[in-house]
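Enquirer: As input, take protein.txt (compact mmCIF, C-alpha atoms):
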# COMPACT_ATOMS: atom_id res chain seq x y z
CA MET Y 639 6.21 82.57 -68.98
CA ASN Y 640 4.95 79.07 -69.75
CA SER Y 641 8.08 77.83 -71.53
CA PRO Y 642 9.89 76.52 -68.38
CA THR Y 643 6.70 74.74 -67.31
CA SER Y 644 6.24 73.28 -70.80
CA ALA Y 645 9.87 72.13 -70.89
CA ALA Y 646 9.51 70.51 -67.48
CA GLY Y 647 6.31 68.80 -68.58
CA LEU Y 648 8.03 67.48 -71.70
CA ARG Y 649 10.91 66.14 -69.62
CA ASP Y 650 8.45 64.41 -67.29
CA VAL Y 651 6.66 62.79 -70.24
CA LEU Y 652 9.94 61.63 -71.78
CA SER Y 653 11.19 60.27 -68.45
CA ARG Y 654 7.98 58.24 -68.07
CA GLU Y 655 7.83 56.95 -71.63
CA LEU Y 656 11.48 56.48 -72.61
CA LYS Y 657 13.99 53.92 -71.36
CA PRO Y 658 17.24 55.86 -71.93
CA GLY Y 659 19.55 53.04 -70.86
CA GLU Y 660 17.98 50.52 -73.23
CA LEU Y 661 17.78 53.13 -76.01
CA ALA Y 662 21.50 53.87 -75.71
CA ARG Y 663 22.38 50.18 -75.85
CA ALA Y 664 20.08 49.64 -78.83
CA LEU Y 665 21.82 52.48 -80.66
CA ILE Y 666 25.16 50.82 -80.00
CA VAL Y 667 24.07 47.53 -81.60
CA VAL Y 668 21.83 48.87 -84.39
CA GLY Y 669 23.68 52.09 -85.28
CA PRO Y 670 26.64 50.30 -86.90
CA MET Y 671 24.24 48.43 -89.22
CA VAL Y 672 22.83 51.73 -90.47
CA GLY Y 673 26.35 53.11 -90.92
CA ALA Y 674 27.34 50.02 -92.89
CA TYR Y 675 24.23 50.43 -95.05
CA PHE Y 676 25.31 53.94 -96.04
CA ILE Y 677 28.74 52.66 -97.06
CA ALA Y 678 27.75 49.40 -98.79
CA ARG Y 679 24.22 50.41 -99.96
CA GLU Y 680 23.08 46.90 -99.01
CA THR Y 681 19.53 46.57 -97.63
CA ALA Y 682 20.40 43.30 -95.88
CA LEU Y 683 22.47 45.31 -93.40
CA LEU Y 684 19.38 47.23 -92.31
CA ASN Y 685 17.50 43.95 -91.82
CA LEU Y 686 20.39 42.80 -89.66
CA GLY Y 687 19.36 45.50 -87.19
CA LEU Y 688 16.28 43.43 -86.35
CA VAL Y 689 18.50 40.46 -85.48
CA ALA Y 690 20.60 42.70 -83.26
CA VAL Y 691 17.70 44.20 -81.32
CA SER Y 692 16.02 40.78 -81.06
CA LEU Y 693 19.14 39.51 -79.30
CA LEU Y 694 19.42 42.61 -77.15
CA ILE Y 695 15.86 42.71 -75.73
CA PRO Y 696 15.92 39.37 -73.86
CA ALA Y 697 19.61 39.82 -73.06
CA LEU Y 698 18.80 43.00 -71.13
CA ARG Y 699 15.45 42.00 -69.65
CA LEU Y 700 16.58 38.56 -68.50
CA LYS Y 701 20.22 39.55 -67.85
CA LEU Y 702 21.49 36.74 -70.06
CA PRO Y 703 25.15 35.67 -70.07
CA PRO Y 704 26.96 35.52 -73.44
CA LYS Y 705 26.59 31.72 -73.61
CA VAL Y 706 22.78 31.93 -73.54
CA ILE Y 707 22.83 34.85 -76.00
CA ALA Y 708 24.82 32.64 -78.39
CA TRP Y 709 22.19 29.87 -78.13
CA HIS Y 710 19.46 32.44 -78.72
CA TYR Y 711 21.36 33.67 -81.79
CA LEU Y 712 21.60 30.14 -83.20
CA ALA Y 713 17.88 29.59 -82.62
CA ILE Y 714 17.06 32.74 -84.62
CA LEU Y 715 19.32 31.72 -87.51
CA VAL Y 716 18.05 28.12 -87.64
CA THR Y 717 14.40 29.20 -87.52
CA PHE Y 718 14.95 31.91 -90.12
CA ALA Y 719 16.78 29.50 -92.44
CA ALA Y 720 14.05 26.84 -92.07
CA LEU Y 721 11.24 29.30 -92.81
CA PHE Y 722 13.14 30.94 -95.65
CA LEU Y 723 13.86 27.63 -97.36
CA ALA Y 724 10.27 26.44 -96.79
CA SER Y 725 8.63 29.64 -98.08
CA PRO Y 726 8.34 28.49 -101.73
CA VAL Y 727 6.31 25.47 -100.51
CA LYS Y 728 3.29 27.27 -99.07
CA PRO Y 729 1.73 24.44 -97.00
CA LEU Y 730 5.11 23.62 -95.47
CA PHE Y 731 5.76 27.27 -94.66
CA ALA Y 732 2.39 27.59 -92.89
CA VAL Y 733 3.01 24.45 -90.82
CA LEU Y 734 6.56 25.44 -89.84
CA THR Y 735 5.49 28.97 -88.92
CA ALA Y 736 2.74 27.58 -86.68
CA LEU Y 737 5.27 25.19 -85.12
CA ALA Y 738 7.63 28.10 -84.43
CA GLY Y 739 4.77 29.97 -82.74
CA PHE Y 740 3.89 26.91 -80.66
CA LEU Y 741 7.48 26.39 -79.50
CA ALA Y 742 7.90 30.09 -78.66
CA VAL Y 743 5.16 29.73 -76.03
CA ALA Y 744 5.72 26.08 -75.08
CA ALA Y 745 9.18 27.01 -73.80
CA THR Y 746 7.45 28.58 -70.78
CA ARG Y 747 7.01 25.08 -69.33
CA HIS Y 748 10.66 25.48 -68.27
CA GLY Y 749 10.20 29.03 -66.95
CA GLU Y 750 7.68 31.79 -67.59
CA HIS Y 751 10.32 34.21 -68.83
CA PHE Y 752 11.23 31.86 -71.67
CA ARG Y 753 8.27 33.51 -73.46
CA THR Y 754 10.49 36.56 -73.99
CA LEU Y 755 13.19 34.41 -75.57
CA GLY Y 756 10.65 32.50 -77.65
CA ASN Y 757 9.01 35.67 -78.94
CA TRP Y 758 12.34 37.10 -80.01
CA VAL Y 759 13.15 33.98 -81.97
CA PHE Y 760 9.75 33.88 -83.66
CA ILE Y 761 9.49 37.58 -84.56
CA PRO Y 762 12.81 38.10 -86.39
CA ALA Y 763 12.69 34.67 -88.08
CA VAL Y 764 9.18 35.15 -89.50
CA TYR Y 765 9.68 38.80 -90.36
CA LEU Y 766 12.95 38.25 -92.20
CA ALA Y 767 11.78 35.10 -94.00
CA CYS Y 768 8.85 37.08 -95.45
CA GLU Y 769 10.77 40.33 -96.00
CA VAL Y 770 13.65 38.72 -97.87
CA ARG Y 771 11.39 36.74 -100.20
CA GLU Y 772 8.84 39.43 -100.99
CA GLY Y 773 9.22 40.96 -104.43
CA ALA Y 774 12.60 39.32 -105.07
CA SER Y 775 13.79 36.63 -107.44
CA ALA Y 776 14.95 33.33 -105.94
CA SER Y 777 18.61 34.17 -106.55
CA GLU Y 778 18.32 37.68 -105.11
CA ALA Y 779 16.45 36.40 -102.04
CA LEU Y 780 19.12 33.74 -101.47
CA ARG Y 781 21.87 36.36 -101.74
CA HIS Y 782 20.03 38.64 -99.31
CA ALA Y 783 19.51 35.82 -96.79
CA GLY Y 784 23.13 34.77 -97.13
CA LEU Y 785 24.33 38.30 -96.38
CA ILE Y 786 22.17 38.50 -93.26
CA ILE Y 787 23.49 35.19 -91.95
CA ALA Y 788 27.12 35.92 -92.90
CA SER Y 789 27.13 39.35 -91.22
CA SER Y 790 25.03 38.34 -88.20
CA PRO Y 791 28.04 37.48 -85.97
CA ILE Y 792 28.62 41.25 -85.77
CA ALA Y 793 25.25 41.64 -84.03
CA LEU Y 794 26.07 38.77 -81.68
CA ALA Y 795 29.44 40.27 -80.78
CA LEU Y 796 27.96 43.71 -80.06
CA VAL Y 797 25.20 42.33 -77.81
CA CYS Y 798 27.60 40.03 -75.96
CA GLY Y 799 29.96 42.98 -75.47
CA ILE Y 800 27.18 45.03 -73.87
CA ARG Y 801 26.19 42.19 -71.55
CA ILE Y 802 29.79 41.56 -70.49
CA TYR Y 803 30.08 45.27 -69.65
CA ASP Y 804 26.79 45.25 -67.73
CA GLN Y 805 27.70 42.04 -65.85
CA GLN Y 806 30.91 43.63 -64.62
CA ARG Y 807 28.86 46.51 -63.23
CA ASP Y 808 25.84 44.75 -61.68
CA GLY Y 809 26.68 41.04 -61.60
CA THR Y 810 22.98 40.07 -61.45
CA ALA Y 811 22.21 36.40 -62.11
CA THR Y 812 19.86 35.20 -64.86
CA SER Y 813 16.39 34.03 -63.86
CA PHE Y 814 13.85 32.37 -66.16
CA GLY Y 815 11.12 32.37 -63.53
CA LEU Y 816 8.91 29.51 -62.40
CA PRO Y 817 7.64 26.92 -64.91
CA ALA Y 818 4.26 27.87 -66.35
CA ALA Y 819 1.68 25.24 -65.45
CA GLY Y 820 -0.79 26.33 -68.13
CA TRP Y 821 1.62 26.55 -71.05
CA PHE Y 822 -0.17 24.18 -73.43
CA LEU Y 823 -3.32 26.27 -73.94
CA PRO Y 824 -1.62 29.54 -75.03
CA ALA Y 825 0.91 27.57 -77.08
CA THR Y 826 -1.93 25.82 -78.94
CA ALA Y 827 -3.81 29.10 -79.42
CA THR Y 828 -0.67 30.71 -80.82
CA ALA Y 829 -0.10 27.84 -83.25
CA MET Y 830 -3.72 27.95 -84.43
CA ALA Y 831 -3.67 31.72 -84.91
CA VAL Y 832 -0.34 31.74 -86.72
CA PHE Y 833 -1.32 28.82 -88.96
CA ALA Y 834 -4.59 30.51 -89.96
CA ALA Y 835 -2.75 33.78 -90.59
CA ALA Y 836 -0.04 32.07 -92.67
CA VAL Y 837 -2.63 30.21 -94.75
CA LEU Y 838 -4.50 33.44 -95.45
CA VAL Y 839 -1.29 35.24 -96.39
CA GLU Y 840 -0.29 32.47 -98.79
CA ILE Y 841 -3.73 32.03 -100.38
CA LEU Y 842 -4.32 35.75 -100.93
CA ASP Y 843 -0.62 36.55 -101.48
CA LEU Y 844 -0.92 39.45 -99.04
CA ALA Y 845 1.81 42.10 -99.13
CA GLN Y 846 3.76 42.43 -95.88
CA GLY Y 847 2.16 39.22 -94.63
CA GLN Y 848 4.61 39.02 -91.75
CA TRP Y 849 2.52 41.67 -89.99
CA VAL Y 850 -0.51 39.36 -90.08
CA MET Y 851 1.43 36.44 -88.55
CA TRP Y 852 3.25 38.66 -86.07
CA SER Y 853 -0.04 40.20 -84.91
CA ALA Y 854 -1.72 36.80 -84.64
CA ALA Y 855 0.97 35.59 -82.23
CA SER Y 856 1.34 38.91 -80.42
CA VAL Y 857 -2.21 39.13 -79.06
CA VAL Y 858 -2.11 35.67 -77.42
CA VAL Y 859 -1.00 36.94 -74.01
CA GLY Y 860 -3.33 35.14 -71.62
CA ASP Y 861 -7.09 34.91 -71.38
CA LEU Y 862 -9.57 36.49 -73.79
CA VAL Y 863 -9.78 39.74 -71.80
CA ALA Y 864 -6.00 40.29 -71.82
CA SER Y 865 -5.75 39.32 -75.50
CA THR Y 866 -8.56 41.72 -76.43
CA ASP Y 867 -6.78 44.53 -74.59
CA LYS Y 868 -3.55 43.77 -76.48
CA LEU Y 869 -5.39 43.89 -79.82
CA LYS Y 870 -6.97 47.23 -78.85
CA GLN Y 871 -3.52 48.67 -78.17
CA ARG Y 872 -2.19 47.39 -81.49
CA ALA Y 873 -5.25 48.66 -83.37
CA ILE Y 874 -4.97 52.15 -81.84
CA GLY Y 875 -1.23 52.23 -82.55
CA ALA Y 876 -1.75 51.24 -86.19
CA LEU Y 877 -4.77 53.52 -86.76
CA VAL Y 878 -2.87 56.53 -85.41
CA GLY Y 879 0.74 55.78 -86.34
CA VAL Y 880 0.40 54.56 -89.93
CA PRO Y 881 -1.64 57.47 -91.34
CA LEU Y 882 0.59 60.02 -89.58
CA GLY Y 883 3.69 58.36 -90.99
CA PHE Y 884 2.11 58.32 -94.44
CA LEU Y 885 1.24 62.05 -94.19
CA ALA Y 886 4.75 62.91 -92.99
CA GLY Y 887 6.12 60.97 -95.96
CA ILE Y 888 4.04 63.06 -98.36
CA VAL Y 889 5.51 66.28 -96.96
CA LEU Y 890 9.14 65.09 -96.80
CA PRO Y 891 11.15 64.31 -99.96
CA GLN Y 892 12.18 60.75 -100.78
CA SER Y 893 15.76 60.02 -99.70
CA ARG Y 894 18.01 57.11 -98.82
CA VAL Y 895 19.14 58.91 -95.66
CA GLY Y 896 15.55 59.41 -94.54
CA TYR Y 897 14.72 55.78 -95.28
CA ALA Y 898 17.65 54.47 -93.24
CA LEU Y 899 16.92 56.76 -90.29
CA ALA Y 900 13.23 55.80 -90.32
CA VAL Y 901 14.15 52.09 -90.31
CA LEU Y 902 16.58 52.75 -87.45
CA ALA Y 903 13.89 54.59 -85.49
CA ALA Y 904 11.33 51.83 -86.13
CA THR Y 905 13.80 49.24 -84.85
CA LEU Y 906 14.57 51.29 -81.74
CA THR Y 907 10.87 51.48 -80.83
CA LEU Y 908 10.98 47.74 -80.11
CA ILE Y 909 12.94 48.39 -76.93
CA SER Y 910 12.92 52.08 -76.01
CA PHE Y 911 9.43 52.76 -74.61
CA SER Y 912 7.79 51.88 -71.32
CA ARG Y 913 4.24 51.62 -72.66
CA TYR Y 914 3.50 49.14 -75.43
CA ILE Y 915 0.88 51.32 -77.13
CA VAL Y 916 3.32 54.24 -77.48
CA GLY Y 917 6.13 52.05 -78.83
CA PHE Y 918 3.86 50.25 -81.28
CA GLY Y 919 2.22 53.46 -82.50
CA LEU Y 920 5.61 55.05 -83.16
CA ARG Y 921 6.81 51.85 -84.83
CA CYS Y 922 3.85 52.01 -87.21
CA PHE Y 923 4.62 55.68 -87.84
CA PHE Y 924 8.27 55.09 -88.73
CA ILE Y 925 7.57 52.01 -90.87
CA ALA Y 926 5.02 53.99 -92.91
CA LEU Y 927 7.51 56.86 -93.12
CA ALA Y 928 10.26 54.51 -94.30
CA ALA Y 929 7.96 53.15 -97.01
CA SER Y 930 7.26 56.72 -98.13
CA PHE Y 931 10.97 57.53 -98.28
CA ALA Y 932 11.50 54.40 -100.38
CA GLY Y 933 8.76 55.45 -102.79
CA GLY Y 934 6.44 52.57 -101.90
CA ALA Y 935 3.80 54.29 -99.80
CA SER Y 936 0.88 53.64 -102.13
CA GLY Y 937 -1.70 51.71 -100.14
CA ILE Y 938 0.68 51.29 -97.18
CA ALA Y 939 -1.75 52.74 -94.64
CA GLU Y 940 -4.58 50.40 -95.59
CA GLU Y 941 -2.27 47.36 -95.82
CA ARG Y 942 -0.62 47.79 -92.43
CA ILE Y 943 -3.81 48.59 -90.54
CA ALA Y 944 -5.65 45.69 -92.19
CA ASN Y 945 -2.80 43.27 -91.48
CA VAL Y 946 -2.68 44.21 -87.79
CA LEU Y 947 -6.44 43.84 -87.39
CA ILE Y 948 -6.70 40.58 -89.37
CA GLY Y 949 -3.83 38.94 -87.50
CA GLY Y 950 -5.12 40.13 -84.14
CA THR Y 951 -8.59 38.81 -84.93
CA PHE Y 952 -7.13 35.38 -85.68
CA GLY Y 953 -5.39 35.53 -82.31
CA LEU Y 954 -8.59 36.39 -80.46
CA ILE Y 955 -10.55 33.63 -82.21
CA ALA Y 956 -7.85 31.09 -81.34
CA VAL Y 957 -7.83 32.15 -77.68
CA ALA Y 958 -11.63 31.95 -77.51
CA LEU Y 959 -11.73 28.50 -79.14
CA THR Y 960 -9.07 27.03 -76.89
CA GLU Y 961 -10.81 28.43 -73.80
CA ILE Y 962 -14.17 26.95 -74.87
CA VAL Y 963 -12.67 23.54 -75.63
CA TRP Y 964 -10.69 23.52 -72.37
CA GLN Y 965 -13.75 24.42 -70.30
CA ARG Y 966 -15.74 21.62 -71.89
CA VAL Y 967 -12.96 19.13 -71.27
CA MET Y 968 -12.71 20.20 -67.63
CA ARG Y 969 -16.49 19.89 -67.15
CA LYS Y 970 -16.42 16.35 -68.58
CA VAL Y 971 -13.53 15.39 -66.31
CA GLN Y 972 -15.33 16.78 -63.27
CA SER Y 973 -18.63 15.11 -64.13
CA SER Y 974 -16.96 11.74 -64.77
CA GLY Y 975 -15.09 12.05 -61.45
Can the structure in the file be given as structure tokens, please?
Expert:
Amino acid sequence: MNSPTSAAGLRDVLSRELKPGELARALIVVGPMVGAYFIARETALLNLGLVAVSLLIPALRLKLPPKVIAWHYLAILVTFAALFLASPVKPLFAVLTALAGFLAVAATRHGEHFRTLGNWVFIPAVYLACEVREGASASEALRHAGLIIASSPIALALVCGIRIYDQQRDGTATSFGLPAAGWFLPATATAMAVFAAAVLVEILDLAQGQWVMWSAASVVVGDLVASTDKLKQRAIGALVGVPLGFLAGIVLPQSRVGYALAVLAATLTLISFSRYIVGFGLRCFFIALAASFAGGASGIAEERIANVLIGGTFGLIAVALTEIVWQRVMRKVQSSG
């Protein structure tokens, strides 16, 4: 008796939470990378999926033409290469990562929607620079990075193909929004948070340190109230998603197929959900599940949750400090006037 009602309720939930159009397009650009991984057994091809979805997200949200997508692609590769080459020199890596975070936000001085482009340069560049280096010899890391760069034009071609198809259907023009008047404060807060996170990662040699830096930048979304809310969403997502993924990994047998599908699912969560907390929670779930399938789940729950919370805390502290300093400066200006 209740099954039709339950099915209708499930459809309603899925229609609210899922973005089917974006999910389908993400499958088109990321799916071939997973297929190539099965054939070549090369992990770099799975990492290429992050480049593809990082190109796709702003391309769809901002309705970018292929020319702008190509510039975005070059920015990702240049930033990734710079961070990858700098990673053996820890102070230089921390400074360049902070600079990348600053520029990702500072671009909003030319239009508020440039934050989307900036984020999706910063995220894949930092993530891949850390991922490729971690646990690998210098020669192996260089080979891995070279494969990502050499095969990345495939991702560019797929995303451009989707946008050309969409442009022929809707013909909507690109808009980067109005210039952000208060761009300097969040850009400075982002740089401070990312620098502190990078220094901590390098000093303590934290595993999966990209999550700390990513979280530090991610929570800087406005004032302290908005940033605190973002950290709460990330904390809930990590606290729920990671343990569930870990438990699912205990039940399911280790397999290369399972690992690839979990990585694919984690990548798709970057674009497929309407609510951030749902997408991030599922991303944490699938990343923990992928680690379990790969046989590296020991301590994964504690690491991921701690990294999210540490990075987010750095972000909140940076936002609070910049707000305090700015208020004091404004009071001095007003009193002197």
Enquirer: Taking only C-alpha atoms into account, name the residue in Y:Asn945, Y:Thr754, Y:Gln806, Y:Ser813 that is nearest to Leu877 in chain Y.
Expert: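 Between Y:Asn945, Y:Thr754, Y:Gln806, Y:Ser813, the residue approaching Leu877 in chain Y most closely is Y:Asn945.
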Enquirer: Given all atoms listed in the file as the basis, pick out the residue of Y:Leu715, Y:Leu927, Y:Pro726, Y:Gly669 nearest to Val889 in chain Y.
Expert: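 Using all atoms listed in the file, Val889 in chain Y sits closest to Y:Leu927.
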Enquirer: When you look at Ile787 in chain Y with a cut-off of 9 Å (counting all atoms listed in the file), what residues show up, excluding the ones that are within fewer than 3 positions of it in the same chain? I need them as a ChimeraX atom specification.
Expert: /Y:686,715,719,782-784,790-791
Enquirer: Do you know which residues are at most 10 Å from Leu721 in chain Y counting all atoms listed in the file, after dropping those on the same chain fewer than 2 positions away, and could you put them as a list of chain:residue names?
Expert: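 Near neighbours after the sequence-gap exclusion: Y:Leu715, Y:Val716, Y:Thr717, Y:Phe718, Y:Ala719, Y:Leu723, Y:Ala724, Y:Ser725, Y:Pro726, Y:Val727, Y:Leu730, Y:Phe731, Y:Ala732, Y:Val733, Y:Leu734, Y:Thr735, Y:Ala738, Y:Ala763, Y:Val764, Y:Tyr765, Y:Leu766, Y:Ala767, Y:Cys768.
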Enquirer: For Gly875 in chain Y, which residue out of Y:Gly739, Y:Gly917, Y:Gly756, Y:Gly953 is the nearest one, using only C-alpha atoms?
Expert: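 Once distances to Gly875 in chain Y are computed over only C-alpha atoms, the minimum belongs to Y:Gly917.
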Enquirer: Smallest atom-to-atom distance to Val668 in chain Y: which of Y:Ile802, Y:Leu959, Y:Val967, Y:Leu906, using only C-alpha atoms?
Expert: Y:Leu906
Enquirer: Find the spatial neighbours of range 845-848 of chain Y, counting all atoms listed in the file, within a cut-off of 10 Å - ignore same-chain residues fewer than 3 positions away - and output them as a PyMOL selection string.
Expert: chain Y and resi 761-769+772-773+835-836+838-840+842+851-854+938+941-942+945-946+949
Enquirer: Smallest atom-to-atom distance to Phe884 in chain Y: which of Y:Ala932, Y:Ala708, Y:Met830, Y:Leu694, using all atoms listed in the file?
Expert: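 Of the candidates, the smallest distance to Phe884 in chain Y is held by Y:Ala932.
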Enquirer: Give me the residues near Ala779 in chain Y as a CSV table (one decimal) with C-alpha atoms, in the coordinates of the input, where near means some atom within 7 Å (using all atoms listed in the file) and where sequence neighbours in that chain fewer than 5 positions away do not count.
Expert:
chain,number,residue,atom,x,y,z
Y,770,VAL,CA,13.6,38.7,-97.9
Y,771,ARG,CA,11.4,36.7,-100.2
Y,774,ALA,CA,12.6,39.3,-105.1
Enquirer: If you measure from CA of Ile943 in chain Y to CA of Ala904 in chain Y, what distance in Å do you get, rounded to one decimal?
Expert: 16.1 Å
Enquirer: Show which residues sit within 12 Å of range 793-798 of chain Y, as an MDAnalysis selection string. Count all atoms listed in the file, and ignore same-chain residues fewer than 6 positions away.
Expert: chainID Y and resid 660 663:671 683:698 701:712 714:715 786:787 804:805
Enquirer: So, with all atoms listed in the file as the atoms that count, which of Y:Ala788, Y:Val971, Y:Leu755, Y:Ile925 lies closest to Ala682 in chain Y?
Expert: Y:Ala788
Enquirer: CA of Val878 in chain Y and CA of Phe833 in chain Y are how many Å apart?
Expert: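 These atoms are spaced 28.0 Å apart.
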